[in-house]
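Chemist: My structure is below; once you've seen it, I'll send some questions.
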Amino acid sequence: MGTFCSVIKFENLQELKRLCHWGPIIALGVIAICSTMAMIDSVLWYWPLHTTGGSVNFIMLINWTVMILYNYFNAMFVGPGFVPLGWKPEISQDTMYLQYCKVCQAYKAPRSHHCRKCNRCVMKMDHHCPWINNCCGYQNHASFTLFLLLAPLGCIHAAFIFVMTMYTQLYNRLSFGWNTVKIDMSAARRDPLPIVPFGLAAFAATLFALGLALGTTIAVGMLFVIQMKIILRNKTSIESWIEEKAKDRIQYYQLNEVFVFPYDMGSRWRNFKQVFTWSGVPEGDGLEWPVREGCHQYSLTIEQLKQKADKRVRSVRYKVIEDYSGACCPLNKGIKTFFTSPCTEEPRIQLQKGEFVLATRGLRYWLYGDKILDDSFIEGVLV
């Protein structure tokens, strides 16, 4: 019990509010539906518990569910780890290499970024994930990635159960030439017959669960591949974007320099061990990081300062010609704008005709940038 409490600990009861969000509600709902239907289908109609295979199959289903939920709640409640409020480097001269966060009243440690949703500076921030209603970062990156691995594997197992349940139960009921297919149907021949018949409601529920399982396998599986690519390079999603902008800046100004990502240890295995450890605790303290030869602790933060200065030079200033309410998916701006709304929880900026915005990057129908207001800026997404 002590070990469990040491792994998942709540700073206070307010952490439970993370569950009251559309992301966790949908994620836990999908897990519950797929797991429950897989167990019901397996026990009642496909693989009875009194057989050895049925017992092993049922234990595996429970095992998938427990491991998925454990890593999911670990990622949600342990959290990414936040930079201490008021933090500053031990050597005061190092502050010249760091950005200052006015909200946290602290300097941003290397690899940390301020999250508007969490309202804190996050250690080694990768992204804010709506599905766990928390950030993915230093402390929970391993748990989050394991969840992305286990969820598709569990869904593949569940999908197999769903397909075989429908096949075995409908084998002798439908005449689509299936009787010519030579498959061992011994699992479908039960004596006595199932207590609950496989009716229309059971078929519809199984088919629905199959759709959820296949969709989750594809979507979450793709996220796992993306995460593993950046982990093997010892990067985060934000740092990959910073690296791209660094190369773009060098090319734009035709500078005689080469940007070297400082945290790549030069070996995929060494990069892997920066996130995944046998103890479950990531290496380091989240504030200082090992760097490759030729770089130092603030190489990346210096590049960020260069990009921040360059952003003001290369940004495009626009004048607002129509009012915008700040809605996530505005219906009154056209069907294409509605369906191309960015899949992000970044705040949309309410705009009024005549105001000015500073766009730093953009899509076809949306811009990312700042609202110019009394010589200050409000960051967000613009339509």
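Labels for the structure tokens follow display order: chains A, B, ..., residues from 1 in each chain, ligands from 1.
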Write out as a PyMOL selection string the set of residues from range 26-249 of chain A that DSSP, computed on the backbone, places in strand (DSSP E or B).
Modeler: chain A and resi 82+100-101+106-107+113-115+120-122+127-129+134-136
Chemist: Could you write out the selected residues, including C-alpha atoms, as a PDB file, in the first residue's frame?
Modeler:
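Result written to part.pdb:
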```
ATOM      1  CA  PHE A  82       6.648  22.148 -12.377  1.00  0.00           C
ATOM      2  CA  TYR A 100      11.534  35.318 -17.251  1.00  0.00           C
ATOM      3  CA  CYS A 101       7.967  34.170 -16.587  1.00  0.00           C
ATOM      4  CA  ALA A 106      10.530  32.809 -11.930  1.00  0.00           C
ATOM      5  CA  TYR A 107      13.051  32.170 -14.666  1.00  0.00           C
ATOM      6  CA  HIS A 113       7.876  26.193 -20.964  1.00  0.00           C
ATOM      7  CA  HIS A 114       4.870  27.934 -19.517  1.00  0.00           C
ATOM      8  CA  CYS A 115       1.546  26.155 -20.018  1.00  0.00           C
ATOM      9  CA  ARG A 120       2.694  26.952 -14.451  1.00  0.00           C
ATOM     10  CA  CYS A 121       6.106  26.532 -16.039  1.00  0.00           C
ATOM     11  CA  VAL A 122       6.427  22.821 -16.864  1.00  0.00           C
ATOM     12  CA  HIS A 127       2.631  19.247 -24.816  1.00  0.00           C
ATOM     13  CA  HIS A 128      -0.576  19.736 -22.889  1.00  0.00           C
ATOM     14  CA  CYS A 129      -2.667  16.623 -23.471  1.00  0.00           C
ATOM     15  CA  ASN A 134      -2.520  17.610 -17.813  1.00  0.00           C
ATOM     16  CA  CYS A 135       0.831  18.319 -19.374  1.00  0.00           C
ATOM     17  CA  CYS A 136       3.200  15.643 -20.584  1.00  0.00           C
TER      18      CYS A 136
END
```
Chemist: Hey, what's within 7 Å of Thr165 in chain A if we count only C-alpha atoms and toss same-chain stuff fewer than 2 positions away? As a PDB file with N, CA and C atoms, in the first residue's frame, please?
Modeler:
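The resulting file, result_19.pdb, is shown below:
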```
ATOM      1  N   ASP A  41     -18.164 -10.581 -23.922  1.00  0.00           N
ATOM      2  CA  ASP A  41     -18.190 -11.408 -25.127  1.00  0.00           C
ATOM      3  C   ASP A  41     -17.392 -12.687 -24.948  1.00  0.00           C
ATOM      4  N   TRP A  45     -19.956 -15.780 -24.786  1.00  0.00           N
ATOM      5  CA  TRP A  45     -20.233 -16.282 -26.131  1.00  0.00           C
ATOM      6  C   TRP A  45     -19.029 -16.846 -26.891  1.00  0.00           C
ATOM      7  N   TYR A  46     -17.805 -16.484 -26.496  1.00  0.00           N
ATOM      8  CA  TYR A  46     -16.684 -16.944 -27.320  1.00  0.00           C
ATOM      9  C   TYR A  46     -15.800 -17.980 -26.644  1.00  0.00           C
ATOM     10  N   ILE A 161     -11.329 -10.460 -30.006  1.00  0.00           N
ATOM     11  CA  ILE A 161     -12.461 -11.069 -29.291  1.00  0.00           C
ATOM     12  C   ILE A 161     -13.782 -10.671 -29.940  1.00  0.00           C
ATOM     13  N   PHE A 162     -13.924  -9.397 -30.294  1.00  0.00           N
ATOM     14  CA  PHE A 162     -15.171  -8.927 -30.898  1.00  0.00           C
ATOM     15  C   PHE A 162     -15.432  -9.620 -32.243  1.00  0.00           C
ATOM     16  N   VAL A 163     -14.399  -9.679 -33.076  1.00  0.00           N
ATOM     17  CA  VAL A 163     -14.560 -10.293 -34.397  1.00  0.00           C
ATOM     18  C   VAL A 163     -14.919 -11.771 -34.271  1.00  0.00           C
ATOM     19  N   TYR A 167     -18.381 -13.689 -35.348  1.00  0.00           N
ATOM     20  CA  TYR A 167     -18.259 -14.747 -36.358  1.00  0.00           C
ATOM     21  C   TYR A 167     -18.827 -16.075 -35.850  1.00  0.00           C
ATOM     22  N   THR A 168     -18.421 -16.447 -34.653  1.00  0.00           N
ATOM     23  CA  THR A 168     -18.872 -17.739 -34.125  1.00  0.00           C
ATOM     24  C   THR A 168     -20.367 -17.753 -33.851  1.00  0.00           C
ATOM     25  N   GLN A 169     -20.923 -16.629 -33.385  1.00  0.00           N
ATOM     26  CA  GLN A 169     -22.343 -16.588 -33.057  1.00  0.00           C
ATOM     27  C   GLN A 169     -23.236 -16.491 -34.292  1.00  0.00           C
TER      28      GLN A 169
END
```
Chemist: I'd like the interatomic distance between CA of Arg317 in chain A and CA of Tyr368 in chain A, to a tenth of an Å.
Modeler: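 These two atoms are separated by 11.8 Å.
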Chemist: For a test of reading the model, state the distance in Å between CA of Ala27 in chain A and CA of Trp241 in chain A, rounded to one decimal.
Modeler: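 CA of Trp241 in chain A lies 27.2 Å from CA of Ala27 in chain A.
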Chemist: Near range 257-261 of chain A, within 7 Å and counting only C-alpha atoms, which residues show up once chain neighbours fewer than 3 positions away are dropped, as a VMD selection string?
Modeler: chain A and resid 246 to 247 264
Chemist: May I have the residues from that selection written out with all heavy atoms, as a PDB file, in the first residue's frame?
Modeler:
```
ATOM      1  N   ALA A 246      15.090  27.039 -35.815  1.00  0.00           N
ATOM      2  CA  ALA A 246      16.513  27.414 -35.809  1.00  0.00           C
ATOM      3  C   ALA A 246      17.129  27.238 -37.197  1.00  0.00           C
ATOM      4  O   ALA A 246      17.851  28.113 -37.689  1.00  0.00           O
ATOM      5  CB  ALA A 246      17.261  26.569 -34.785  1.00  0.00           C
ATOM      6  N   LYS A 247      16.822  26.115 -37.830  1.00  0.00           N
ATOM      7  CA  LYS A 247      17.333  25.870 -39.182  1.00  0.00           C
ATOM      8  C   LYS A 247      16.749  26.866 -40.174  1.00  0.00           C
ATOM      9  O   LYS A 247      17.445  27.331 -41.087  1.00  0.00           O
ATOM     10  CB  LYS A 247      17.015  24.435 -39.596  1.00  0.00           C
ATOM     11  CG  LYS A 247      17.734  23.386 -38.767  1.00  0.00           C
ATOM     12  CD  LYS A 247      17.333  21.965 -39.164  1.00  0.00           C
ATOM     13  CE  LYS A 247      18.067  20.940 -38.324  1.00  0.00           C
ATOM     14  NZ  LYS A 247      17.666  19.554 -38.652  1.00  0.00           N
ATOM     15  N   ASP A 264      20.856  15.700 -27.369  1.00  0.00           N
ATOM     16  CA  ASP A 264      20.990  14.403 -28.035  1.00  0.00           C
ATOM     17  C   ASP A 264      22.297  13.765 -27.590  1.00  0.00           C
ATOM     18  O   ASP A 264      23.379  14.275 -27.875  1.00  0.00           O
ATOM     19  CB  ASP A 264      20.961  14.588 -29.556  1.00  0.00           C
ATOM     20  CG  ASP A 264      20.907  13.263 -30.308  1.00  0.00           C
ATOM     21  OD1 ASP A 264      21.164  12.207 -29.684  1.00  0.00           O
ATOM     22  OD2 ASP A 264      20.612  13.279 -31.518  1.00  0.00           O
TER      23      ASP A 264
END
```
Chemist: Work out how far apart CA of Pro89 in chain A and CA of Tyr298 in chain A are and give it in Å to one decimal.
Modeler: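 Answer for the CA of Pro89 in chain A to CA of Tyr298 in chain A separation: 11.2 Å.
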Chemist: With only C-alpha atoms as the atoms that count, which of A:His157, A:Val291, A:Leu170, A:Ala219 lies nearest to Phe203 in chain A?
Modeler: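 Looking only at the distances to Phe203 in chain A, the closest residue turns out to be A:Leu170.
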Chemist: Calculated over only C-alpha atoms, which of the candidates A:Pro342, A:Gly86, A:Pro347, A:Pro110 has the smallest distance to Gly326 in chain A?
Modeler: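 For Gly326 in chain A, the nearest of the candidates is A:Pro347.
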Chemist: What's the 12 Å shell around Trp269 in chain A, counting only C-alpha atoms, without same-chain residues fewer than 6 positions away, as a list in words?
Modeler: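 Using only C-alpha atoms, the neighbours found are Met228, Ile231, Leu232, Arg233, Asn234, Val275, Phe276 and Thr277 of chain A.
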Chemist: Which of range 133-347 of chain A counts as alpha helix (DSSP H) under DSSP, as an NGL selection string please?
Modeler: :A and (141-170 or 200-231 or 237-253 or 268-273 or 299-314 or 335-339)
Chemist: Could you check the closest approach to Ser35 in chain A for each of A:Leu61, A:Ile156, A:Ile250, A:Cys295 and tell me which residue wins, using only C-alpha atoms?
Modeler: A:Leu61
Chemist: Quick one: of A:Phe58, A:Ile40, A:Cys20, A:Lys88, who's nearest to Ile132 in chain A, counting only C-alpha atoms?
Modeler: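 Once distances to Ile132 in chain A are computed over only C-alpha atoms, the minimum belongs to A:Cys20.
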Chemist: Write out as number ranges by chain the residues lying within 12 Å of Ala158 in chain A, counting only C-alpha atoms and excluding same-chain residues fewer than 3 positions away.
Modeler: A: 30-42, 57-58, 60-62, 64-65, 151-155, 161-165, 206-207, 209-214, 216-217
Chemist: At a cut-off of 12 Å, using only C-alpha atoms, what residues contact Glu293 in chain A? Leave out same-chain residues fewer than 3 positions from it and give the result as a list of chain:residue names.
Modeler: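 Once the adjacent positions are removed, what remains is A:Val260, A:Phe261, A:Pro262, A:Tyr263, A:Asp264, A:Met265, A:Gly266, A:Pro290, A:His296, A:Gln297, A:Ser299.
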Chemist: Store the residues picked out above, limited to all heavy atoms, as a PDB file, in the first residue's frame.
Modeler:
```pdb
ATOM      1  N   VAL A 260      23.166  22.743 -33.411  1.00  0.00           N
ATOM      2  CA  VAL A 260      23.338  21.391 -32.877  1.00  0.00           C
ATOM      3  C   VAL A 260      22.429  21.249 -31.660  1.00  0.00           C
ATOM      4  O   VAL A 260      22.562  22.008 -30.696  1.00  0.00           O
ATOM      5  CB  VAL A 260      24.803  21.110 -32.480  1.00  0.00           C
ATOM      6  CG1 VAL A 260      24.937  19.709 -31.891  1.00  0.00           C
ATOM      7  CG2 VAL A 260      25.720  21.284 -33.690  1.00  0.00           C
ATOM      8  N   PHE A 261      21.530  20.284 -31.723  1.00  0.00           N
ATOM      9  CA  PHE A 261      20.639  20.076 -30.582  1.00  0.00           C
ATOM     10  C   PHE A 261      21.456  19.564 -29.396  1.00  0.00           C
ATOM     11  O   PHE A 261      22.110  18.520 -29.481  1.00  0.00           O
ATOM     12  CB  PHE A 261      19.544  19.071 -30.940  1.00  0.00           C
ATOM     13  CG  PHE A 261      18.511  18.907 -29.871  1.00  0.00           C
ATOM     14  CD1 PHE A 261      17.586  19.908 -29.624  1.00  0.00           C
ATOM     15  CD2 PHE A 261      18.465  17.758 -29.093  1.00  0.00           C
ATOM     16  CE1 PHE A 261      16.630  19.765 -28.639  1.00  0.00           C
ATOM     17  CE2 PHE A 261      17.525  17.613 -28.100  1.00  0.00           C
ATOM     18  CZ  PHE A 261      16.597  18.621 -27.870  1.00  0.00           C
ATOM     19  N   PRO A 262      21.448  20.287 -28.268  1.00  0.00           N
ATOM     20  CA  PRO A 262      22.402  19.989 -27.187  1.00  0.00           C
ATOM     21  C   PRO A 262      22.106  18.749 -26.352  1.00  0.00           C
ATOM     22  O   PRO A 262      23.006  18.234 -25.680  1.00  0.00           O
ATOM     23  CB  PRO A 262      22.320  21.243 -26.309  1.00  0.00           C
ATOM     24  CG  PRO A 262      20.951  21.783 -26.547  1.00  0.00           C
ATOM     25  CD  PRO A 262      20.634  21.463 -27.973  1.00  0.00           C
ATOM     26  N   TYR A 263      20.863  18.246 -26.380  1.00  0.00           N
ATOM     27  CA  TYR A 263      20.499  17.165 -25.456  1.00  0.00           C
ATOM     28  C   TYR A 263      20.512  15.781 -26.094  1.00  0.00           C
ATOM     29  O   TYR A 263      20.190  14.798 -25.427  1.00  0.00           O
ATOM     30  CB  TYR A 263      19.126  17.444 -24.849  1.00  0.00           C
ATOM     31  CG  TYR A 263      19.052  18.794 -24.169  1.00  0.00           C
ATOM     32  CD1 TYR A 263      18.241  19.810 -24.664  1.00  0.00           C
ATOM     33  CD2 TYR A 263      19.847  19.064 -23.046  1.00  0.00           C
ATOM     34  CE1 TYR A 263      18.191  21.052 -24.052  1.00  0.00           C
ATOM     35  CE2 TYR A 263      19.809  20.307 -22.438  1.00  0.00           C
ATOM     36  CZ  TYR A 263      18.981  21.304 -22.942  1.00  0.00           C
ATOM     37  OH  TYR A 263      18.944  22.527 -22.344  1.00  0.00           O
ATOM     38  N   ASP A 264      20.856  15.700 -27.369  1.00  0.00           N
ATOM     39  CA  ASP A 264      20.990  14.403 -28.035  1.00  0.00           C
ATOM     40  C   ASP A 264      22.297  13.765 -27.590  1.00  0.00           C
ATOM     41  O   ASP A 264      23.379  14.275 -27.875  1.00  0.00           O
ATOM     42  CB  ASP A 264      20.961  14.588 -29.556  1.00  0.00           C
ATOM     43  CG  ASP A 264      20.907  13.263 -30.308  1.00  0.00           C
ATOM     44  OD1 ASP A 264      21.164  12.207 -29.684  1.00  0.00           O
ATOM     45  OD2 ASP A 264      20.612  13.279 -31.518  1.00  0.00           O
ATOM     46  N   MET A 265      22.205  12.648 -26.886  1.00  0.00           N
ATOM     47  CA  MET A 265      23.384  12.000 -26.324  1.00  0.00           C
ATOM     48  C   MET A 265      24.203  11.234 -27.364  1.00  0.00           C
ATOM     49  O   MET A 265      25.224  10.638 -27.030  1.00  0.00           O
ATOM     50  CB  MET A 265      22.971  11.042 -25.205  1.00  0.00           C
ATOM     51  CG  MET A 265      22.288  11.706 -24.023  1.00  0.00           C
ATOM     52  SD  MET A 265      23.420  12.738 -23.036  1.00  0.00           S
ATOM     53  CE  MET A 265      23.093  14.373 -23.707  1.00  0.00           C
ATOM     54  N   GLY A 266      23.749  11.233 -28.612  1.00  0.00           N
ATOM     55  CA  GLY A 266      24.487  10.573 -29.675  1.00  0.00           C
ATOM     56  C   GLY A 266      24.182   9.101 -29.834  1.00  0.00           C
ATOM     57  O   GLY A 266      24.696   8.444 -30.746  1.00  0.00           O
ATOM     58  N   PRO A 290      22.098  16.734 -18.818  1.00  0.00           N
ATOM     59  CA  PRO A 290      23.376  16.408 -19.488  1.00  0.00           C
ATOM     60  C   PRO A 290      23.321  16.875 -20.937  1.00  0.00           C
ATOM     61  O   PRO A 290      22.270  16.785 -21.590  1.00  0.00           O
ATOM     62  CB  PRO A 290      23.452  14.883 -19.383  1.00  0.00           C
ATOM     63  CG  PRO A 290      22.028  14.430 -19.252  1.00  0.00           C
ATOM     64  CD  PRO A 290      21.329  15.511 -18.482  1.00  0.00           C
ATOM     65  N   HIS A 296      26.504  23.628 -24.141  1.00  0.00           N
ATOM     66  CA  HIS A 296      26.412  23.843 -22.696  1.00  0.00           C
ATOM     67  C   HIS A 296      24.945  23.925 -22.293  1.00  0.00           C
ATOM     68  O   HIS A 296      24.041  23.860 -23.124  1.00  0.00           O
ATOM     69  CB  HIS A 296      27.193  25.099 -22.261  1.00  0.00           C
ATOM     70  CG  HIS A 296      26.699  26.379 -22.855  1.00  0.00           C
ATOM     71  ND1 HIS A 296      25.643  27.082 -22.352  1.00  0.00           N
ATOM     72  CD2 HIS A 296      27.141  27.086 -23.921  1.00  0.00           C
ATOM     73  CE1 HIS A 296      25.441  28.177 -23.049  1.00  0.00           C
ATOM     74  NE2 HIS A 296      26.333  28.196 -24.031  1.00  0.00           N
ATOM     75  N   GLN A 297      24.710  24.094 -21.021  1.00  0.00           N
ATOM     76  CA  GLN A 297      23.376  23.977 -20.442  1.00  0.00           C
ATOM     77  C   GLN A 297      22.355  24.926 -21.073  1.00  0.00           C
ATOM     78  O   GLN A 297      21.167  24.623 -21.124  1.00  0.00           O
ATOM     79  CB  GLN A 297      23.457  24.244 -18.934  1.00  0.00           C
ATOM     80  CG  GLN A 297      22.231  23.874 -18.141  1.00  0.00           C
ATOM     81  CD  GLN A 297      21.995  22.369 -18.115  1.00  0.00           C
ATOM     82  OE1 GLN A 297      20.867  21.916 -18.229  1.00  0.00           O
ATOM     83  NE2 GLN A 297      23.058  21.589 -17.973  1.00  0.00           N
ATOM     84  N   SER A 299      22.447  26.247 -24.317  1.00  0.00           N
ATOM     85  CA  SER A 299      22.506  26.347 -25.779  1.00  0.00           C
ATOM     86  C   SER A 299      21.119  26.516 -26.391  1.00  0.00           C
ATOM     87  O   SER A 299      20.910  27.341 -27.288  1.00  0.00           O
ATOM     88  CB  SER A 299      23.194  25.106 -26.370  1.00  0.00           C
ATOM     89  OG  SER A 299      24.549  25.046 -26.001  1.00  0.00           O
TER      90      SER A 299
END
```
